[in-house]
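Below you'll find the structure, written out as C-alpha coordinates, and then a few comments.
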Amino acid sequence: MTAKYCELFYTFFKVGAFTIGGGYAMLPLIEREVVDRRGWLGREEFLDYIALSQAMPGVLAVNVATVVGYKLRGIWGSVVAIAGNIMMPILFILLLAIGIRYVRMGPVAERFFMGVRPAVVALIAAPVFTLARSAGLNWRNCWVPVLSALLIWLMGVSPVAVILVAAVAGFVLGKVKSHKVQ
(Lines give C-alpha, C1' and ligand atoms only; values in the text may rest on other atoms or scores of the structure.)
Protein backbone atom coordinates (compact mmCIF):
# COMPACT_ATOMS: atom_id res chain seq x y z
CA MET A 1 0.00 0.00 0.00
CA THR A 2 2.78 2.44 0.94
CA ALA A 3 4.63 1.56 -2.26
CA LYS A 4 1.66 2.78 -4.32
CA TYR A 5 1.76 6.16 -2.56
CA CYS A 6 5.52 6.36 -3.06
CA GLU A 7 5.12 5.62 -6.77
CA LEU A 8 2.40 8.27 -7.05
CA PHE A 9 4.55 10.82 -5.20
CA TYR A 10 7.65 10.02 -7.26
CA THR A 11 5.74 10.24 -10.55
CA PHE A 12 4.42 13.73 -9.85
CA PHE A 13 7.70 14.78 -8.20
CA LYS A 14 9.53 14.05 -11.48
CA VAL A 15 6.99 16.07 -13.42
CA GLY A 16 7.26 19.04 -11.05
CA ALA A 17 11.04 18.86 -10.83
CA PHE A 18 11.90 18.61 -14.51
CA THR A 19 9.41 20.85 -16.26
CA ILE A 20 9.91 24.51 -17.06
CA GLY A 21 6.93 26.50 -18.26
CA GLY A 22 3.99 25.73 -16.00
CA GLY A 23 0.92 23.54 -16.29
CA TYR A 24 0.59 23.13 -20.05
CA ALA A 25 4.28 22.33 -20.37
CA MET A 26 3.80 19.59 -17.75
CA LEU A 27 0.95 17.87 -19.60
CA PRO A 28 3.12 15.81 -21.99
CA LEU A 29 5.21 14.54 -19.07
CA ILE A 30 2.13 13.74 -16.99
CA GLU A 31 0.57 11.96 -19.97
CA ARG A 32 3.71 9.94 -20.63
CA GLU A 33 3.98 8.90 -16.97
CA VAL A 34 0.29 8.31 -16.18
CA VAL A 35 -0.97 6.93 -19.51
CA ASP A 36 2.01 5.47 -21.39
CA ARG A 37 4.41 4.23 -18.70
CA ARG A 38 2.20 3.33 -15.77
CA GLY A 39 -1.13 2.70 -17.52
CA TRP A 40 -3.06 4.30 -14.68
CA LEU A 41 -5.42 6.05 -17.14
CA GLY A 42 -6.50 5.59 -20.72
CA ARG A 43 -5.89 8.40 -23.21
CA GLU A 44 -9.58 9.38 -23.37
CA GLU A 45 -9.87 9.37 -19.58
CA PHE A 46 -6.74 11.53 -19.35
CA LEU A 47 -8.27 13.99 -21.82
CA ASP A 48 -11.43 14.13 -19.68
CA TYR A 49 -9.33 14.80 -16.58
CA ILE A 50 -7.52 17.63 -18.34
CA ALA A 51 -10.87 19.19 -19.27
CA LEU A 52 -12.04 18.82 -15.67
CA SER A 53 -8.77 20.28 -14.38
CA GLN A 54 -9.08 23.29 -16.67
CA ALA A 55 -12.58 23.95 -15.33
CA MET A 56 -11.31 23.96 -11.74
CA PRO A 57 -9.77 27.08 -10.21
CA GLY A 58 -6.05 26.93 -9.62
CA VAL A 59 -2.90 25.70 -11.31
CA LEU A 60 -3.50 23.17 -14.09
CA ALA A 61 -0.72 20.74 -13.15
CA VAL A 62 -1.83 20.70 -9.52
CA ASN A 63 -5.43 20.14 -10.59
CA VAL A 64 -4.39 17.22 -12.80
CA ALA A 65 -2.36 15.77 -9.91
CA THR A 66 -5.42 16.17 -7.70
CA VAL A 67 -7.83 14.28 -9.96
CA VAL A 68 -5.33 11.57 -10.92
CA GLY A 69 -4.32 11.05 -7.29
CA TYR A 70 -7.97 10.93 -6.24
CA LYS A 71 -8.83 8.39 -8.94
CA LEU A 72 -5.96 6.13 -7.92
CA ARG A 73 -5.91 6.42 -4.12
CA GLY A 74 -8.75 8.69 -2.97
CA ILE A 75 -8.18 11.83 -0.91
CA TRP A 76 -4.76 10.74 0.36
CA GLY A 77 -3.75 9.96 -3.21
CA SER A 78 -4.59 13.56 -4.12
CA VAL A 79 -2.55 14.88 -1.21
CA VAL A 80 0.45 12.73 -2.13
CA ALA A 81 0.28 13.63 -5.85
CA ILE A 82 -0.04 17.34 -5.07
CA ALA A 83 2.88 17.20 -2.61
CA GLY A 84 5.06 15.50 -5.20
CA ASN A 85 4.05 17.96 -7.90
CA ILE A 86 4.70 21.15 -5.93
CA MET A 87 7.71 20.22 -3.81
CA MET A 88 10.50 21.14 -6.25
CA PRO A 89 8.85 24.29 -7.63
CA ILE A 90 8.32 25.58 -4.08
CA LEU A 91 11.94 24.81 -3.12
CA PHE A 92 13.18 26.45 -6.33
CA ILE A 93 11.08 29.58 -5.71
CA LEU A 94 12.33 29.79 -2.13
CA LEU A 95 15.97 29.49 -3.25
CA LEU A 96 15.37 32.01 -6.02
CA ALA A 97 13.77 34.44 -3.57
CA ILE A 98 16.71 34.08 -1.20
CA GLY A 99 19.25 34.39 -4.00
CA ILE A 100 17.61 37.34 -5.73
CA ARG A 101 18.23 39.44 -2.64
CA TYR A 102 21.97 39.03 -3.12
CA VAL A 103 22.34 38.92 -6.89
CA ARG A 104 20.79 41.26 -9.39
CA MET A 105 19.56 39.88 -12.69
CA GLY A 106 22.75 40.01 -14.74
CA PRO A 107 23.36 39.48 -18.44
CA VAL A 108 24.00 35.75 -17.97
CA ALA A 109 20.60 35.23 -16.32
CA GLU A 110 18.89 37.36 -18.97
CA ARG A 111 20.50 35.32 -21.77
CA PHE A 112 19.48 32.10 -20.02
CA PHE A 113 15.82 33.16 -19.87
CA MET A 114 15.91 34.39 -23.47
CA GLY A 115 17.31 31.01 -24.53
CA VAL A 116 14.75 29.02 -22.52
CA ARG A 117 11.77 31.00 -23.88
CA PRO A 118 11.50 29.15 -27.26
CA ALA A 119 11.74 25.79 -25.52
CA VAL A 120 8.94 26.78 -23.15
CA VAL A 121 6.77 27.84 -26.10
CA ALA A 122 7.37 24.45 -27.71
CA LEU A 123 6.59 22.65 -24.43
CA ILE A 124 3.29 24.52 -24.24
CA ALA A 125 2.42 24.11 -27.94
CA ALA A 126 3.02 20.33 -28.01
CA PRO A 127 0.20 19.39 -25.60
CA VAL A 128 -2.14 21.86 -27.27
CA PHE A 129 -1.75 20.02 -30.58
CA THR A 130 -1.95 16.62 -28.91
CA LEU A 131 -5.10 17.60 -27.02
CA ALA A 132 -6.62 19.09 -30.17
CA ARG A 133 -6.03 15.85 -32.07
CA SER A 134 -7.43 13.76 -29.19
CA ALA A 135 -10.49 16.01 -28.97
CA GLY A 136 -11.25 15.50 -32.66
CA LEU A 137 -10.06 18.89 -33.95
CA ASN A 138 -9.44 18.79 -37.69
CA TRP A 139 -9.30 21.16 -40.66
CA ARG A 140 -13.11 21.35 -40.87
CA ASN A 141 -13.67 22.53 -37.30
CA CYS A 142 -10.38 24.30 -36.45
CA TRP A 143 -12.12 27.62 -37.05
CA VAL A 144 -13.78 27.35 -33.63
CA PRO A 145 -10.62 27.78 -31.46
CA VAL A 146 -9.14 30.26 -33.94
CA LEU A 147 -12.30 32.40 -33.85
CA SER A 148 -12.44 32.10 -30.06
CA ALA A 149 -8.84 33.26 -29.70
CA LEU A 150 -9.38 36.18 -32.06
CA LEU A 151 -12.55 37.27 -30.24
CA ILE A 152 -10.70 37.27 -26.93
CA TRP A 153 -7.45 38.77 -28.18
CA LEU A 154 -8.55 41.32 -30.79
CA MET A 155 -12.06 42.23 -29.71
CA GLY A 156 -11.65 41.96 -25.95
CA VAL A 157 -14.54 39.51 -25.52
CA SER A 158 -14.56 37.88 -22.09
CA PRO A 159 -13.19 34.31 -22.12
CA VAL A 160 -16.08 33.33 -19.85
CA ALA A 161 -18.57 34.51 -22.49
CA VAL A 162 -16.73 32.57 -25.21
CA ILE A 163 -16.73 29.40 -23.09
CA LEU A 164 -20.43 29.75 -22.25
CA VAL A 165 -21.41 30.33 -25.88
CA ALA A 166 -19.26 27.38 -26.99
CA ALA A 167 -20.80 25.15 -24.30
CA VAL A 168 -24.35 26.07 -25.32
CA ALA A 169 -23.51 25.66 -29.02
CA GLY A 170 -21.93 22.26 -28.36
CA PHE A 171 -24.94 21.13 -26.35
CA VAL A 172 -27.39 22.27 -29.05
CA LEU A 173 -25.29 20.72 -31.83
CA GLY A 174 -25.11 17.45 -29.90
CA LYS A 175 -28.89 17.42 -29.48
CA VAL A 176 -29.45 18.15 -33.18
CA LYS A 177 -27.06 15.38 -34.19
CA SER A 178 -28.66 12.88 -31.80
CA HIS A 179 -32.13 13.67 -33.21
CA LYS A 180 -30.86 13.12 -36.76
CA VAL A 181 -29.48 9.68 -35.80
CA GLN A 182 -32.80 8.54 -34.34
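Labeling convention for the C-alpha coordinates: chains A, B, ... as they appear, residues from 1 per chain, ligands from 1 in order of appearance.
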Out of segment 15-82 of chain A, which residues get alpha helix (DSSP H) from DSSP, as a PDB file with N, CA and C atoms, in the first residue's frame?
```pdb
ATOM      1  N   VAL A  15       7.639  15.104 -12.534  1.00  0.00           N
ATOM      2  CA  VAL A  15       6.985  16.071 -13.416  1.00  0.00           C
ATOM      3  C   VAL A  15       7.245  17.490 -12.907  1.00  0.00           C
ATOM      4  N   GLY A  16       7.056  17.718 -11.619  1.00  0.00           N
ATOM      5  CA  GLY A  16       7.263  19.042 -11.053  1.00  0.00           C
ATOM      6  C   GLY A  16       8.710  19.480 -11.060  1.00  0.00           C
ATOM      7  N   ALA A  17       9.614  18.527 -10.933  1.00  0.00           N
ATOM      8  CA  ALA A  17      11.036  18.857 -10.831  1.00  0.00           C
ATOM      9  C   ALA A  17      11.683  19.140 -12.186  1.00  0.00           C
ATOM     10  N   GLY A  23       1.862  24.646 -16.152  1.00  0.00           N
ATOM     11  CA  GLY A  23       0.922  23.541 -16.295  1.00  0.00           C
ATOM     12  C   GLY A  23       0.854  22.900 -17.664  1.00  0.00           C
ATOM     13  N   TYR A  24       0.715  23.707 -18.711  1.00  0.00           N
ATOM     14  CA  TYR A  24       0.591  23.133 -20.046  1.00  0.00           C
ATOM     15  C   TYR A  24       1.882  22.461 -20.487  1.00  0.00           C
ATOM     16  N   ALA A  25       3.013  22.974 -20.041  1.00  0.00           N
ATOM     17  CA  ALA A  25       4.285  22.335 -20.373  1.00  0.00           C
ATOM     18  C   ALA A  25       4.422  21.002 -19.650  1.00  0.00           C
ATOM     19  N   MET A  26       3.728  20.839 -18.518  1.00  0.00           N
ATOM     20  CA  MET A  26       3.795  19.591 -17.753  1.00  0.00           C
ATOM     21  C   MET A  26       2.911  18.498 -18.333  1.00  0.00           C
ATOM     22  N   LEU A  27       1.912  18.865 -19.116  1.00  0.00           N
ATOM     23  CA  LEU A  27       0.950  17.874 -19.604  1.00  0.00           C
ATOM     24  C   LEU A  27       1.575  16.717 -20.376  1.00  0.00           C
ATOM     25  N   PRO A  28       2.529  16.963 -21.296  1.00  0.00           N
ATOM     26  CA  PRO A  28       3.115  15.807 -21.994  1.00  0.00           C
ATOM     27  C   PRO A  28       3.839  14.853 -21.044  1.00  0.00           C
ATOM     28  N   LEU A  29       4.515  15.400 -20.034  1.00  0.00           N
ATOM     29  CA  LEU A  29       5.207  14.537 -19.073  1.00  0.00           C
ATOM     30  C   LEU A  29       4.217  13.757 -18.226  1.00  0.00           C
ATOM     31  N   ILE A  30       3.153  14.431 -17.776  1.00  0.00           N
ATOM     32  CA  ILE A  30       2.133  13.740 -16.992  1.00  0.00           C
ATOM     33  C   ILE A  30       1.496  12.642 -17.830  1.00  0.00           C
ATOM     34  N   GLU A  31       1.181  12.961 -19.088  1.00  0.00           N
ATOM     35  CA  GLU A  31       0.565  11.959 -19.967  1.00  0.00           C
ATOM     36  C   GLU A  31       1.492  10.764 -20.168  1.00  0.00           C
ATOM     37  N   ARG A  43      -6.073   7.091 -22.573  1.00  0.00           N
ATOM     38  CA  ARG A  43      -5.890   8.398 -23.205  1.00  0.00           C
ATOM     39  C   ARG A  43      -7.161   9.250 -23.141  1.00  0.00           C
ATOM     40  N   GLU A  44      -8.309   8.641 -23.407  1.00  0.00           N
ATOM     41  CA  GLU A  44      -9.579   9.384 -23.366  1.00  0.00           C
ATOM     42  C   GLU A  44      -9.882   9.859 -21.947  1.00  0.00           C
ATOM     43  N   GLU A  45      -9.640   8.994 -20.976  1.00  0.00           N
ATOM     44  CA  GLU A  45      -9.874   9.371 -19.583  1.00  0.00           C
ATOM     45  C   GLU A  45      -8.940  10.511 -19.173  1.00  0.00           C
ATOM     46  N   PHE A  46      -7.696  10.462 -19.632  1.00  0.00           N
ATOM     47  CA  PHE A  46      -6.744  11.528 -19.347  1.00  0.00           C
ATOM     48  C   PHE A  46      -7.226  12.843 -19.948  1.00  0.00           C
ATOM     49  N   LEU A  47      -7.730  12.804 -21.164  1.00  0.00           N
ATOM     50  CA  LEU A  47      -8.268  13.994 -21.816  1.00  0.00           C
ATOM     51  C   LEU A  47      -9.438  14.558 -21.014  1.00  0.00           C
ATOM     52  N   ASP A  48     -10.306  13.685 -20.516  1.00  0.00           N
ATOM     53  CA  ASP A  48     -11.428  14.130 -19.677  1.00  0.00           C
ATOM     54  C   ASP A  48     -10.919  14.790 -18.397  1.00  0.00           C
ATOM     55  N   TYR A  49      -9.873  14.227 -17.805  1.00  0.00           N
ATOM     56  CA  TYR A  49      -9.326  14.796 -16.575  1.00  0.00           C
ATOM     57  C   TYR A  49      -8.677  16.151 -16.829  1.00  0.00           C
ATOM     58  N   ILE A  50      -8.088  16.321 -18.001  1.00  0.00           N
ATOM     59  CA  ILE A  50      -7.521  17.632 -18.336  1.00  0.00           C
ATOM     60  C   ILE A  50      -8.643  18.658 -18.467  1.00  0.00           C
ATOM     61  N   ALA A  51      -9.726  18.269 -19.141  1.00  0.00           N
ATOM     62  CA  ALA A  51     -10.867  19.193 -19.271  1.00  0.00           C
ATOM     63  C   ALA A  51     -11.424  19.553 -17.897  1.00  0.00           C
ATOM     64  N   LEU A  52     -11.563  18.564 -17.029  1.00  0.00           N
ATOM     65  CA  LEU A  52     -12.042  18.821 -15.671  1.00  0.00           C
ATOM     66  C   LEU A  52     -11.076  19.729 -14.922  1.00  0.00           C
ATOM     67  N   SER A  53      -9.788  19.484 -15.066  1.00  0.00           N
ATOM     68  CA  SER A  53      -8.769  20.283 -14.375  1.00  0.00           C
ATOM     69  C   SER A  53      -8.761  21.723 -14.859  1.00  0.00           C
ATOM     70  N   GLN A  54      -9.032  21.928 -16.141  1.00  0.00           N
ATOM     71  CA  GLN A  54      -9.084  23.286 -16.673  1.00  0.00           C
ATOM     72  C   GLN A  54     -10.307  24.033 -16.150  1.00  0.00           C
ATOM     73  N   ALA A  55     -11.364  23.315 -15.839  1.00  0.00           N
ATOM     74  CA  ALA A  55     -12.580  23.953 -15.334  1.00  0.00           C
ATOM     75  C   ALA A  55     -12.462  24.312 -13.855  1.00  0.00           C
ATOM     76  N   LEU A  60      -3.108  24.343 -13.314  1.00  0.00           N
ATOM     77  CA  LEU A  60      -3.502  23.173 -14.094  1.00  0.00           C
ATOM     78  C   LEU A  60      -2.785  21.905 -13.653  1.00  0.00           C
ATOM     79  N   ALA A  61      -1.478  21.949 -13.509  1.00  0.00           N
ATOM     80  CA  ALA A  61      -0.722  20.736 -13.154  1.00  0.00           C
ATOM     81  C   ALA A  61      -1.137  20.213 -11.784  1.00  0.00           C
ATOM     82  N   VAL A  62      -1.394  21.112 -10.846  1.00  0.00           N
ATOM     83  CA  VAL A  62      -1.832  20.696  -9.516  1.00  0.00           C
ATOM     84  C   VAL A  62      -3.232  20.098  -9.601  1.00  0.00           C
ATOM     85  N   ASN A  63      -4.083  20.684 -10.423  1.00  0.00           N
ATOM     86  CA  ASN A  63      -5.433  20.143 -10.595  1.00  0.00           C
ATOM     87  C   ASN A  63      -5.403  18.744 -11.213  1.00  0.00           C
ATOM     88  N   VAL A  64      -4.526  18.548 -12.198  1.00  0.00           N
ATOM     89  CA  VAL A  64      -4.387  17.218 -12.802  1.00  0.00           C
ATOM     90  C   VAL A  64      -3.867  16.226 -11.759  1.00  0.00           C
ATOM     91  N   ALA A  65      -2.871  16.637 -10.976  1.00  0.00           N
ATOM     92  CA  ALA A  65      -2.355  15.771  -9.912  1.00  0.00           C
ATOM     93  C   ALA A  65      -3.468  15.420  -8.922  1.00  0.00           C
ATOM     94  N   THR A  66      -4.317  16.396  -8.632  1.00  0.00           N
ATOM     95  CA  THR A  66      -5.418  16.174  -7.700  1.00  0.00           C
ATOM     96  C   THR A  66      -6.372  15.101  -8.208  1.00  0.00           C
ATOM     97  N   VAL A  67      -6.833  15.239  -9.459  1.00  0.00           N
ATOM     98  CA  VAL A  67      -7.828  14.284  -9.958  1.00  0.00           C
ATOM     99  C   VAL A  67      -7.217  12.911 -10.220  1.00  0.00           C
ATOM    100  N   VAL A  68      -5.984  12.869 -10.695  1.00  0.00           N
ATOM    101  CA  VAL A  68      -5.333  11.574 -10.917  1.00  0.00           C
ATOM    102  C   VAL A  68      -5.082  10.878  -9.576  1.00  0.00           C
ATOM    103  N   GLY A  69      -4.557  11.626  -8.613  1.00  0.00           N
ATOM    104  CA  GLY A  69      -4.320  11.054  -7.287  1.00  0.00           C
ATOM    105  C   GLY A  69      -5.609  10.559  -6.652  1.00  0.00           C
ATOM    106  N   TYR A  70      -6.684  11.328  -6.813  1.00  0.00           N
ATOM    107  CA  TYR A  70      -7.975  10.925  -6.244  1.00  0.00           C
ATOM    108  C   TYR A  70      -8.501   9.655  -6.911  1.00  0.00           C
ATOM    109  N   LYS A  71      -8.360   9.578  -8.221  1.00  0.00           N
ATOM    110  CA  LYS A  71      -8.833   8.388  -8.937  1.00  0.00           C
ATOM    111  C   LYS A  71      -8.084   7.144  -8.467  1.00  0.00           C
ATOM    112  N   LEU A  72      -6.775   7.292  -8.260  1.00  0.00           N
ATOM    113  CA  LEU A  72      -5.956   6.128  -7.925  1.00  0.00           C
ATOM    114  C   LEU A  72      -6.025   5.739  -6.447  1.00  0.00           C
ATOM    115  N   ARG A  73      -6.027   6.723  -5.542  1.00  0.00           N
ATOM    116  CA  ARG A  73      -5.911   6.421  -4.120  1.00  0.00           C
ATOM    117  C   ARG A  73      -6.824   7.271  -3.231  1.00  0.00           C
ATOM    118  N   GLY A  74      -7.839   7.907  -3.789  1.00  0.00           N
ATOM    119  CA  GLY A  74      -8.749   8.695  -2.965  1.00  0.00           C
ATOM    120  C   GLY A  74      -8.131  10.007  -2.514  1.00  0.00           C
ATOM    121  N   ILE A  75      -8.629  10.517  -1.400  1.00  0.00           N
ATOM    122  CA  ILE A  75      -8.184  11.826  -0.912  1.00  0.00           C
ATOM    123  C   ILE A  75      -6.685  11.831  -0.610  1.00  0.00           C
ATOM    124  N   TRP A  76      -6.187  10.776   0.044  1.00  0.00           N
ATOM    125  CA  TRP A  76      -4.758  10.739   0.365  1.00  0.00           C
ATOM    126  C   TRP A  76      -3.916  10.624  -0.901  1.00  0.00           C
ATOM    127  N   GLY A  77      -4.449   9.997  -1.927  1.00  0.00           N
ATOM    128  CA  GLY A  77      -3.746   9.959  -3.207  1.00  0.00           C
ATOM    129  C   GLY A  77      -3.609  11.356  -3.798  1.00  0.00           C
ATOM    130  N   SER A  78      -4.663  12.164  -3.659  1.00  0.00           N
ATOM    131  CA  SER A  78      -4.595  13.560  -4.116  1.00  0.00           C
ATOM    132  C   SER A  78      -3.531  14.329  -3.356  1.00  0.00           C
ATOM    133  N   VAL A  79      -3.519  14.163  -2.042  1.00  0.00           N
ATOM    134  CA  VAL A  79      -2.554  14.878  -1.206  1.00  0.00           C
ATOM    135  C   VAL A  79      -1.123  14.491  -1.598  1.00  0.00           C
ATOM    136  N   VAL A  80      -0.890  13.211  -1.775  1.00  0.00           N
ATOM    137  CA  VAL A  80       0.449  12.727  -2.128  1.00  0.00           C
ATOM    138  C   VAL A  80       0.864  13.228  -3.510  1.00  0.00           C
ATOM    139  N   ALA A  81      -0.038  13.170  -4.493  1.00  0.00           N
ATOM    140  CA  ALA A  81       0.280  13.629  -5.849  1.00  0.00           C
ATOM    141  C   ALA A  81       0.556  15.134  -5.864  1.00  0.00           C
ATOM    142  N   ILE A  82      -0.250  15.895  -5.140  1.00  0.00           N
ATOM    143  CA  ILE A  82      -0.037  17.342  -5.074  1.00  0.00           C
ATOM    144  C   ILE A  82       1.313  17.645  -4.414  1.00  0.00           C
TER     145      ILE A  82
END
```
Problem set entry | Shell around Ile163 of chain A at 12 Å using only C-alpha atoms, local window under 4 positions removed, as an MDAnalysis selection string | chainID A and resid 54:55 144:145 148:149 151:152 157:159 167:170
Exercise. Of the candidates A:Val34, A:Phe129, A:Leu154, A:Ile20, which one gets nearest to Cys142 of chain A if we count only C-alpha atoms?
Worked result: A:Phe129
Problem set entry | Å distance separating atom CA of Thr130 of chain A from atom CA of Glu7 of chain A, one decimal place | 25.7 Å
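One finds atom CA of Asp36 of chain A at 17.9 Å from atom CA of Val128 of chain A.
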What are the closest atom pairs, with distances in Å to one decimal, for all residues of segment 61-97 of chain A lying within 12 Å of segment 101-125 of chain A? Consider only C-alpha atoms, order rows by chain and residue number, and present the result as JSON lines.
```
{"residue": "A:Leu94", "atom": "CA", "partner": "A:Arg101", "partner_atom": "CA", "distance": 11.3}
{"residue": "A:Leu95", "atom": "CA", "partner": "A:Arg101", "partner_atom": "CA", "distance": 10.2}
{"residue": "A:Leu96", "atom": "CA", "partner": "A:Arg101", "partner_atom": "CA", "distance": 8.7}
{"residue": "A:Ala97", "atom": "CA", "partner": "A:Arg101", "partner_atom": "CA", "distance": 6.8}
```
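Closest approach to Pro127 of chain A from the set A:Thr11, A:Arg140, A:Trp40, A:Arg32 is made by A:Arg32, with distances taken over only C-alpha atoms.
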